[in-house]
Amino acid sequence: MKHICFLVAEHPFLDARIFQKEAKSLVRQGYKVTLIVPRRKGRLFDTSGQLLMDQFLEQSFEYEGVHFLAYDPPKQKRQLARQVSLLKAGKLESMPSPCMDLAVSVEADLYHAHEFVSCYDGVMVKRALKSKGKEVKLVYDSHELVPDPLEPYSQRVFQQMTTLLKELFLEVDTIFTVSSSIKNYYQELGCTKPIDILYNSPFLMPIEQVEKHHSSPLVLGYIGTLTINKGDASKLIEIVKRANQTIPLQALIIGDRMETESIPDTIRKNIRSTGWLPYERIAMACATIDVGWIELNTSNALNRMYSMPNKFFSYLERGIPPIVPSSKDMSDFINTYECGFIIDKSGSVDAYVEKLIDLYRHPSKRLLAGQNGRNAIETTYSWDRMEQRLYERYAQLFQV
């Protein structure tokens with residue numbers, strides 16, 4: 001039985017892509033899987049970022065067929081110039097991180113790193129085990145574009161990070177990423193290793209379309225955390241407030257809770273939240289949603305311009321058309337499959353409200369787009385399809 005070790009530096013230990021999809025898929029395929037995951041203040045944290053105070057307290061434990069090893073990250077920040085120098089010289093890290101120490105002790109057959117930071121650890125683990133006579137494979141699973149040219153790095157730091165990334169490309173055996181644009185970006189940087197796209201899509205689940213009465217409110221859904229750059233709560237409040245001057249609109253937030261006192265009295269009953277739900281319950285919670293809201297600030301992150309987030313595919317799998325600000329990959333997908341609605345890049349309140357009024361008045365538009373999205377997931381993009389790509393690449397990596 002081949003042993004796979006996931007290296008995680010920043011994500012929650014039950015992350016949807018890392019644990020719910022990739023790790024569980026690999027276990028079903030017969031691999032032994034270990035996840036090395038970070039703690040905060042000595043505690044693991046869930047997908048909301050909340051520290052878990054009364055469960056998963058052990059440093060080593062088994063959960064749903066996966067072995068977990070938890071560690072406390074070092075407080076000191078790594079020096080990029082030093083990392084680049086070590087990589088170029090082919091040397092070992094003399095100050096290994098707790099993640100690296102655990103990973104070396106596991107002595108797995110393949111290491112699967114999920115961040116720019118953990119990929120460096122993966123290279124050092126690969127070198128350390130080679131010095132002991134054990135050859136291992138290394139996968140870089142790039143969930144995001146790092147470094148991002150639009151992030152506010154200094155020019156010097158950006159250049160160092162880019163050089164570091166190019167050095168990592170030389171050491172990894174294959175790359176997984178989440179969108180065509182990130183794949184193309186890496187190839188333009190000179191990466192010659194195989195790059196597979198594993199979209200953040202859910203497993204395909206049965207669906208039952210429920211006909212709504214023509215006078216029912218339009219329900220705008222949002223999955224995840226509300227932040228200033230991804231799901232601005234104040235913008236959502238304004239959309240609901242303005243739309244309700246013309247049509248009955250409700251908003252359902254699956255995940256984050258909006259502070260009740262921040263919602264004007266006149267629309268408080270129009271905005272509901274489920275709170276954080278287990279991954280398995282998200283699909284069911286989407287049952288009443290008519291349109292899926294995606295709101296991104298693409299002006300200060302190329303990563304958001306290139307993104308294909310979990311929620312995008314979660315909406316499509318449920319037959320819910322997303323409404324998104326103009327970006328690259330989501331816009332390309334929507335234009336290809338006619339499965340959603342694109343507004344101007346600024347994502348203005350006016351643009352959202354105008355589109356929602358149109359979709360309320362013309363329900364056939366959203367129903368057809370929802371059916372098109374569901375069909376695309378069924379035929380090509382469900383995780384059932386993505387895990388086959390994962391299996392095929394792993395099989396190639398383990399060929400002698």
# chains A, B, ... in the order shown; residues from 1 in each chain; ligands from 1

$ residues_around --residues "A:Asn270" --least-positions-apart "2" --cutoff "9 Å" --atoms "only C-alpha atoms" --output "PyMOL selection string"
chain A and resi 240-241+248-252+266-268+272

$ residues_around --residues "A:Thr246" --least-positions-apart "5" --cutoff "12 Å" --atoms "only C-alpha atoms" --output "PyMOL selection string"
chain A and resi 217-218+239-241+353-354+356-358+360-361

$ write_last_selection --atoms "N, CA and C atoms" --output "compact mmCIF listing (two decimals), in the first residue's frame"
# COMPACT_ATOMS: atom_id res chain seq x y z
N PRO A 217 -40.76 35.15 -3.26
CA PRO A 217 -39.58 36.02 -3.34
C PRO A 217 -38.44 35.32 -4.08
N LEU A 218 -37.62 36.10 -4.74
CA LEU A 218 -36.39 35.59 -5.32
C LEU A 218 -35.38 35.43 -4.19
N ILE A 239 -27.77 45.64 -1.61
CA ILE A 239 -28.45 44.96 -2.72
C ILE A 239 -29.86 44.56 -2.30
N VAL A 240 -29.98 43.95 -1.12
CA VAL A 240 -31.30 43.52 -0.63
C VAL A 240 -32.21 44.71 -0.42
N LYS A 241 -31.66 45.76 0.16
CA LYS A 241 -32.45 46.96 0.45
C LYS A 241 -32.97 47.60 -0.84
N VAL A 353 -28.47 44.63 -8.68
CA VAL A 353 -29.90 44.85 -8.50
C VAL A 353 -30.62 44.79 -9.84
N GLU A 354 -30.05 45.42 -10.86
CA GLU A 354 -30.67 45.39 -12.18
C GLU A 354 -30.81 43.96 -12.70
N LEU A 356 -30.87 41.13 -10.88
CA LEU A 356 -31.80 40.37 -10.04
C LEU A 356 -33.26 40.71 -10.37
N ILE A 357 -33.53 41.98 -10.65
CA ILE A 357 -34.89 42.37 -11.04
C ILE A 357 -35.27 41.68 -12.36
N ASP A 358 -34.33 41.66 -13.29
CA ASP A 358 -34.57 40.99 -14.58
C ASP A 358 -34.84 39.50 -14.40
N TYR A 360 -35.98 38.00 -11.71
CA TYR A 360 -37.26 37.80 -11.04
C TYR A 360 -38.40 37.89 -12.05
N ARG A 361 -38.28 38.85 -12.96
CA ARG A 361 -39.35 39.06 -13.94
C ARG A 361 -39.33 38.02 -15.06

$ closest_residue --among "A:Glu188, A:Asp332, A:Glu295, A:Glu387" --to "A:Tyr352" --atoms "only C-alpha atoms"
A:Glu295

$ atom_distance --atom1 "atom CA of A:Gln79" --atom2 "atom CA of A:Tyr140"
20.7 Å

$ select_by_dssp --residues "stretch 112-169 of chain A" --states "strand (DSSP E or B)" --output "list of chain:residue names"
A:His112, A:Ala113, A:Lys137, A:Leu138, A:Val139, A:Tyr140, A:Asp141, A:Ser142

$ residues_around --residues "stretch 281-292 of chain A" --least-positions-apart "4" --cutoff "7 Å" --atoms "only C-alpha atoms" --output "list in words"
Leu218, Val219, Leu220, Gly221, Tyr222, Leu277, Tyr315, Arg318, Ile320, Pro321, Pro322 and Ile323 of chain A

$ select_by_dssp --residues "stretch 152-392 of chain A" --states "alpha helix (DSSP H)" --output "JSON, numbers by chain"
{"A": [155, 156, 157, 158, 159, 160, 161, 162, 163, 164, 165, 166, 167, 168, 169, 170, 171, 180, 181, 182, 183, 184, 185, 186, 187, 188, 233, 234, 235, 236, 237, 238, 239, 240, 241, 242, 243, 282, 283, 284, 285, 302, 303, 304, 305, 310, 311, 312, 313, 314, 315, 316, 317, 329, 330, 331, 332, 333, 334, 335, 336, 337, 349, 350, 351, 352, 353, 354, 355, 356, 357, 358, 359, 360, 361, 363, 364, 365, 366, 367, 368, 369, 370, 371, 372, 373, 374, 375, 376, 383, 384, 385, 386, 387, 388, 389, 390, 391, 392]}

$ closest_atom_pairs --of "stretch 216-311 of chain A" --to "stretch 190-210 of chain A" --cutoff "8 Å" --atoms "only C-alpha atoms" --output "Markdown table"
| residue | atom | partner | partner_atom | distance |
| --- | --- | --- | --- | --- |
| A:Met308 | CA | A:Asn200 | CA | 7.1 |
| A:Pro309 | CA | A:Asn200 | CA | 6.4 |
| A:Asn310 | CA | A:Asn200 | CA | 5.0 |

$ closest_atom_pairs --of "stretch 126-152 of chain A" --to "stretch 173-183 of chain A" --cutoff "9 Å" --atoms "only C-alpha atoms" --output "tab-separated table"
residue	atom	partner	partner_atom	distance
A:Lys137	CA	A:Asp173	CA	6.2
A:Leu138	CA	A:Asp173	CA	5.4
A:Val139	CA	A:Thr174	CA	5.2
A:Tyr140	CA	A:Ile175	CA	4.8
A:Asp141	CA	A:Phe176	CA	4.6
A:Ser142	CA	A:Thr177	CA	4.8
A:His143	CA	A:Thr177	CA	5.7
A:Glu144	CA	A:Val178	CA	7.5
A:Leu145	CA	A:Ile182	CA	6.4

$ atom_distance --atom1 "atom CA of A:Ser346" --atom2 "atom CA of A:Ile334"
17.7 Å

$ residues_around --residues "A:His112" --least-positions-apart "3" --cutoff "12 Å" --atoms "only C-alpha atoms" --output "MDAnalysis selection string"
chainID A and resid 3:9 18 22:23 26 33:36 103 108:109 115:116 118:123 125:126 136:142 172:176 390 394 397

$ write_last_selection --atoms "C-alpha atoms" --output "mmCIF file, in the first residue's frame"
data_model
loop_
_atom_site.group_PDB
_atom_site.id
_atom_site.type_symbol
_atom_site.label_atom_id
_atom_site.label_comp_id
_atom_site.auth_asym_id
_atom_site.auth_seq_id
_atom_site.Cartn_x
_atom_site.Cartn_y
_atom_site.Cartn_z
ATOM 1 C CA HIS A 3 1.604 6.002 1.637
ATOM 2 C CA ILE A 4 0.607 9.591 0.774
ATOM 3 C CA CYS A 5 1.453 12.498 3.076
ATOM 4 C CA PHE A 6 -0.308 15.847 2.665
ATOM 5 C CA LEU A 7 1.614 18.912 3.844
ATOM 6 C CA VAL A 8 -0.627 21.770 4.985
ATOM 7 C CA ALA A 9 0.634 25.147 6.184
ATOM 8 C CA ILE A 18 -7.824 18.809 0.881
ATOM 9 C CA GLU A 22 -8.644 14.630 -2.296
ATOM 10 C CA ALA A 23 -7.761 12.762 0.908
ATOM 11 C CA LEU A 26 -7.243 8.615 -2.231
ATOM 12 C CA VAL A 33 -3.144 8.923 3.713
ATOM 13 C CA THR A 34 -1.573 11.108 6.416
ATOM 14 C CA LEU A 35 -2.366 14.814 6.780
ATOM 15 C CA ILE A 36 0.143 17.060 8.561
ATOM 16 C CA ALA A 103 6.958 14.761 7.299
ATOM 17 C CA ALA A 108 5.772 8.358 2.933
ATOM 18 C CA ASP A 109 6.064 7.439 -0.741
ATOM 19 C CA GLU A 115 0.609 25.896 -0.397
ATOM 20 C CA PHE A 116 3.603 27.826 -1.663
ATOM 21 C CA SER A 118 4.481 23.905 2.361
ATOM 22 C CA CYS A 119 5.896 23.160 -1.103
ATOM 23 C CA TYR A 120 9.281 24.426 0.116
ATOM 24 C CA ASP A 121 8.995 22.013 3.050
ATOM 25 C CA GLY A 122 8.116 19.276 0.575
ATOM 26 C CA VAL A 123 11.293 19.875 -1.415
ATOM 27 C CA VAL A 125 11.599 16.519 2.853
ATOM 28 C CA LYS A 126 12.334 15.001 -0.556
ATOM 29 C CA VAL A 136 9.913 10.008 -2.997
ATOM 30 C CA LYS A 137 7.600 11.972 -5.279
ATOM 31 C CA LEU A 138 6.396 15.530 -4.666
ATOM 32 C CA VAL A 139 3.128 17.150 -5.822
ATOM 33 C CA TYR A 140 2.434 20.888 -5.559
ATOM 34 C CA ASP A 141 -1.313 21.543 -5.271
ATOM 35 C CA SER A 142 -1.585 25.251 -6.037
ATOM 36 C CA VAL A 172 8.314 18.949 -7.923
ATOM 37 C CA ASP A 173 7.140 15.973 -9.983
ATOM 38 C CA THR A 174 3.736 17.343 -10.952
ATOM 39 C CA ILE A 175 1.384 20.236 -10.213
ATOM 40 C CA PHE A 176 -2.346 20.399 -9.582
ATOM 41 C CA LEU A 390 -6.257 12.558 -9.513
ATOM 42 C CA TYR A 394 -0.984 9.332 -9.129
ATOM 43 C CA LEU A 397 3.766 9.032 -10.662
#

$ atom_distance --atom1 "atom CA of A:Asp232" --atom2 "atom CA of A:Pro278"
23.0 Å

$ closest_atom_pairs --of "stretch 181-300 of chain A" --to "stretch 46-54 of chain A" --cutoff "10 Å" --atoms "only C-alpha atoms" --output "CSV"
residue,atom,partner,partner_atom,distance
A:Gly224,CA,A:Ser48,CA,8.3
A:Thr225,CA,A:Ser48,CA,7.4
A:Gly255,CA,A:Ser48,CA,7.8
A:Asp256,CA,A:Ser48,CA,7.6
A:Gly275,CA,A:Ser48,CA,9.6
A:Trp276,CA,A:Ser48,CA,7.0
A:Leu277,CA,A:Thr47,CA,9.5
A:Pro278,CA,A:Thr47,CA,9.3
A:Tyr279,CA,A:Thr47,CA,9.4

$ residues_around --residues "stretch 154-161 of chain A" --least-positions-apart "5" --cutoff "12 Å" --atoms "only C-alpha atoms" --output "PDB file with C-alpha atoms, in the first residue's frame"
ATOM      1  CA  ARG A  78      11.450  32.534   6.879  1.00  0.00           C
ATOM      2  CA  GLN A  79      13.919  34.576   4.858  1.00  0.00           C
ATOM      3  CA  LEU A  80      13.193  34.308   1.146  1.00  0.00           C
ATOM      4  CA  ALA A  81      16.773  34.994   0.062  1.00  0.00           C
ATOM      5  CA  ARG A  82      18.021  32.158   2.269  1.00  0.00           C
ATOM      6  CA  GLN A  83      15.414  29.753   0.888  1.00  0.00           C
ATOM      7  CA  VAL A  84      16.339  30.602  -2.698  1.00  0.00           C
ATOM      8  CA  SER A  85      20.026  30.138  -1.907  1.00  0.00           C
ATOM      9  CA  PHE A 116       3.603  27.826  -1.663  1.00  0.00           C
ATOM     10  CA  VAL A 117       5.008  27.644   1.897  1.00  0.00           C
ATOM     11  CA  TYR A 120       9.281  24.426   0.116  1.00  0.00           C
ATOM     12  CA  LEU A 145      -1.715  32.048  -7.505  1.00  0.00           C
ATOM     13  CA  VAL A 146       1.312  32.813  -5.301  1.00  0.00           C
ATOM     14  CA  PRO A 147       3.027  35.197  -5.659  1.00  0.00           C
ATOM     15  CA  ASP A 148       0.231  37.366  -7.023  1.00  0.00           C
ATOM     16  CA  PRO A 149       1.481  40.274  -9.184  1.00  0.00           C
ATOM     17  CA  LYS A 166      10.730  28.744 -10.336  1.00  0.00           C
ATOM     18  CA  GLU A 167      13.174  26.770  -8.171  1.00  0.00           C
ATOM     19  CA  LEU A 168      10.276  24.791  -6.693  1.00  0.00           C
TER      20      LEU A 168
END

$ residues_around --residues "A:Leu189" --least-positions-apart "6" --cutoff "10 Å" --atoms "only C-alpha atoms" --output "PyMOL selection string"
chain A and resi 162-163+165-166+169

$ decode --residues "stretch 278-385 of chain A" --atoms "C-alpha atoms" --output "PDB file, in the first residue's frame"
ATOM      1  CA  PRO A 278     -20.813  20.419   7.976  1.00  0.00           C
ATOM      2  CA  TYR A 279     -19.628  19.994   4.395  1.00  0.00           C
ATOM      3  CA  GLU A 280     -22.167  17.216   3.768  1.00  0.00           C
ATOM      4  CA  ARG A 281     -25.125  19.501   4.584  1.00  0.00           C
ATOM      5  CA  ILE A 282     -24.305  22.394   2.253  1.00  0.00           C
ATOM      6  CA  ALA A 283     -26.069  20.926  -0.784  1.00  0.00           C
ATOM      7  CA  MET A 284     -29.319  20.418   1.140  1.00  0.00           C
ATOM      8  CA  ALA A 285     -29.126  23.950   2.551  1.00  0.00           C
ATOM      9  CA  CYS A 286     -29.099  25.321  -1.012  1.00  0.00           C
ATOM     10  CA  ALA A 287     -32.573  23.920  -1.791  1.00  0.00           C
ATOM     11  CA  THR A 288     -34.407  27.262  -1.653  1.00  0.00           C
ATOM     12  CA  ILE A 289     -31.786  29.362  -3.479  1.00  0.00           C
ATOM     13  CA  ASP A 290     -32.675  30.759  -6.918  1.00  0.00           C
ATOM     14  CA  VAL A 291     -29.458  32.626  -7.768  1.00  0.00           C
ATOM     15  CA  GLY A 292     -25.957  32.217  -6.310  1.00  0.00           C
ATOM     16  CA  TRP A 293     -24.085  35.389  -5.362  1.00  0.00           C
ATOM     17  CA  ILE A 294     -20.353  35.666  -6.053  1.00  0.00           C
ATOM     18  CA  GLU A 295     -18.739  38.988  -5.238  1.00  0.00           C
ATOM     19  CA  LEU A 296     -15.007  39.491  -5.785  1.00  0.00           C
ATOM     20  CA  ASN A 297     -12.635  42.441  -5.742  1.00  0.00           C
ATOM     21  CA  THR A 298     -10.470  41.615  -8.744  1.00  0.00           C
ATOM     22  CA  SER A 299      -8.666  44.975  -8.777  1.00  0.00           C
ATOM     23  CA  ASN A 300      -6.087  44.006  -6.138  1.00  0.00           C
ATOM     24  CA  ALA A 301      -5.585  40.272  -6.782  1.00  0.00           C
ATOM     25  CA  LEU A 302      -4.944  38.466 -10.052  1.00  0.00           C
ATOM     26  CA  ASN A 303      -5.754  35.318  -8.091  1.00  0.00           C
ATOM     27  CA  ARG A 304      -9.371  36.469  -7.735  1.00  0.00           C
ATOM     28  CA  MET A 305      -9.507  37.317 -11.448  1.00  0.00           C
ATOM     29  CA  TYR A 306      -8.399  33.737 -12.176  1.00  0.00           C
ATOM     30  CA  SER A 307     -10.393  32.050  -9.418  1.00  0.00           C
ATOM     31  CA  MET A 308     -12.895  29.205  -9.738  1.00  0.00           C
ATOM     32  CA  PRO A 309     -14.122  29.037  -6.115  1.00  0.00           C
ATOM     33  CA  ASN A 310     -15.865  26.149  -4.376  1.00  0.00           C
ATOM     34  CA  LYS A 311     -19.120  28.101  -4.177  1.00  0.00           C
ATOM     35  CA  PHE A 312     -19.204  28.584  -7.977  1.00  0.00           C
ATOM     36  CA  PHE A 313     -19.333  24.818  -8.539  1.00  0.00           C
ATOM     37  CA  SER A 314     -21.582  24.236  -5.518  1.00  0.00           C
ATOM     38  CA  TYR A 315     -24.205  26.498  -7.113  1.00  0.00           C
ATOM     39  CA  LEU A 316     -23.882  24.807 -10.513  1.00  0.00           C
ATOM     40  CA  GLU A 317     -24.175  21.308  -9.037  1.00  0.00           C
ATOM     41  CA  ARG A 318     -27.477  22.307  -7.421  1.00  0.00           C
ATOM     42  CA  GLY A 319     -28.820  23.770 -10.666  1.00  0.00           C
ATOM     43  CA  ILE A 320     -28.423  27.311  -9.331  1.00  0.00           C
ATOM     44  CA  PRO A 321     -27.089  29.897 -11.792  1.00  0.00           C
ATOM     45  CA  PRO A 322     -24.381  32.129 -10.274  1.00  0.00           C
ATOM     46  CA  ILE A 323     -24.251  35.877 -10.774  1.00  0.00           C
ATOM     47  CA  VAL A 324     -20.624  37.036 -10.902  1.00  0.00           C
ATOM     48  CA  PRO A 325     -18.605  40.174 -11.654  1.00  0.00           C
ATOM     49  CA  SER A 326     -16.663  39.946 -14.901  1.00  0.00           C
ATOM     50  CA  SER A 327     -13.446  37.974 -14.327  1.00  0.00           C
ATOM     51  CA  LYS A 328     -11.423  35.571 -16.455  1.00  0.00           C
ATOM     52  CA  ASP A 329     -12.117  31.914 -15.709  1.00  0.00           C
ATOM     53  CA  MET A 330     -15.625  32.113 -14.262  1.00  0.00           C
ATOM     54  CA  SER A 331     -16.709  34.389 -17.117  1.00  0.00           C
ATOM     55  CA  ASP A 332     -15.206  32.018 -19.687  1.00  0.00           C
ATOM     56  CA  PHE A 333     -17.036  29.090 -18.076  1.00  0.00           C
ATOM     57  CA  ILE A 334     -20.370  30.919 -17.952  1.00  0.00           C
ATOM     58  CA  ASN A 335     -20.049  32.052 -21.567  1.00  0.00           C
ATOM     59  CA  THR A 336     -19.173  28.519 -22.690  1.00  0.00           C
ATOM     60  CA  TYR A 337     -22.041  26.760 -20.916  1.00  0.00           C
ATOM     61  CA  GLU A 338     -24.570  29.627 -20.651  1.00  0.00           C
ATOM     62  CA  CYS A 339     -24.969  28.702 -17.007  1.00  0.00           C
ATOM     63  CA  GLY A 340     -24.939  32.021 -15.158  1.00  0.00           C
ATOM     64  CA  PHE A 341     -24.901  35.783 -15.400  1.00  0.00           C
ATOM     65  CA  ILE A 342     -21.991  38.208 -15.664  1.00  0.00           C
ATOM     66  CA  ILE A 343     -22.167  41.831 -14.555  1.00  0.00           C
ATOM     67  CA  ASP A 344     -19.595  44.584 -14.906  1.00  0.00           C
ATOM     68  CA  LYS A 345     -16.161  44.054 -13.378  1.00  0.00           C
ATOM     69  CA  SER A 346     -16.760  46.581 -10.599  1.00  0.00           C
ATOM     70  CA  GLY A 347     -19.564  44.445  -9.207  1.00  0.00           C
ATOM     71  CA  SER A 348     -21.628  47.545  -8.419  1.00  0.00           C
ATOM     72  CA  VAL A 349     -24.797  47.370  -6.360  1.00  0.00           C
ATOM     73  CA  ASP A 350     -26.702  48.857  -9.322  1.00  0.00           C
ATOM     74  CA  ALA A 351     -25.506  46.087 -11.633  1.00  0.00           C
ATOM     75  CA  TYR A 352     -26.500  43.314  -9.204  1.00  0.00           C
ATOM     76  CA  VAL A 353     -29.900  44.854  -8.499  1.00  0.00           C
ATOM     77  CA  GLU A 354     -30.669  45.390 -12.185  1.00  0.00           C
ATOM     78  CA  LYS A 355     -29.819  41.768 -13.002  1.00  0.00           C
ATOM     79  CA  LEU A 356     -31.803  40.368 -10.042  1.00  0.00           C
ATOM     80  CA  ILE A 357     -34.894  42.367 -11.044  1.00  0.00           C
ATOM     81  CA  ASP A 358     -34.573  40.993 -14.580  1.00  0.00           C
ATOM     82  CA  LEU A 359     -34.246  37.406 -13.302  1.00  0.00           C
ATOM     83  CA  TYR A 360     -37.265  37.803 -11.035  1.00  0.00           C
ATOM     84  CA  ARG A 361     -39.353  39.058 -13.937  1.00  0.00           C
ATOM     85  CA  HIS A 362     -38.044  36.404 -16.341  1.00  0.00           C
ATOM     86  CA  PRO A 363     -37.712  33.161 -14.326  1.00  0.00           C
ATOM     87  CA  SER A 364     -37.209  31.084 -17.481  1.00  0.00           C
ATOM     88  CA  LYS A 365     -33.774  32.718 -17.898  1.00  0.00           C
ATOM     89  CA  ARG A 366     -32.491  31.546 -14.526  1.00  0.00           C
ATOM     90  CA  LEU A 367     -34.141  28.114 -14.816  1.00  0.00           C
ATOM     91  CA  LEU A 368     -32.481  27.465 -18.197  1.00  0.00           C
ATOM     92  CA  ALA A 369     -29.093  28.710 -16.960  1.00  0.00           C
ATOM     93  CA  GLY A 370     -29.431  26.507 -13.869  1.00  0.00           C
ATOM     94  CA  GLN A 371     -30.182  23.451 -16.006  1.00  0.00           C
ATOM     95  CA  ASN A 372     -27.187  24.215 -18.236  1.00  0.00           C
ATOM     96  CA  GLY A 373     -24.902  24.448 -15.199  1.00  0.00           C
ATOM     97  CA  ARG A 374     -26.180  21.191 -13.762  1.00  0.00           C
ATOM     98  CA  ASN A 375     -25.622  19.486 -17.119  1.00  0.00           C
ATOM     99  CA  ALA A 376     -22.030  20.742 -17.263  1.00  0.00           C
ATOM    100  CA  ILE A 377     -21.348  19.315 -13.803  1.00  0.00           C
ATOM    101  CA  GLU A 378     -23.026  16.004 -14.645  1.00  0.00           C
ATOM    102  CA  THR A 379     -21.105  15.465 -17.873  1.00  0.00           C
ATOM    103  CA  THR A 380     -17.678  16.932 -17.126  1.00  0.00           C
ATOM    104  CA  TYR A 381     -16.945  18.768 -13.900  1.00  0.00           C
ATOM    105  CA  SER A 382     -18.215  16.900 -10.819  1.00  0.00           C
ATOM    106  CA  TRP A 383     -15.649  15.723  -8.290  1.00  0.00           C
ATOM    107  CA  ASP A 384     -16.470  12.196  -9.443  1.00  0.00           C
ATOM    108  CA  ARG A 385     -14.721  13.252 -12.687  1.00  0.00           C
TER     109      ARG A 385
END
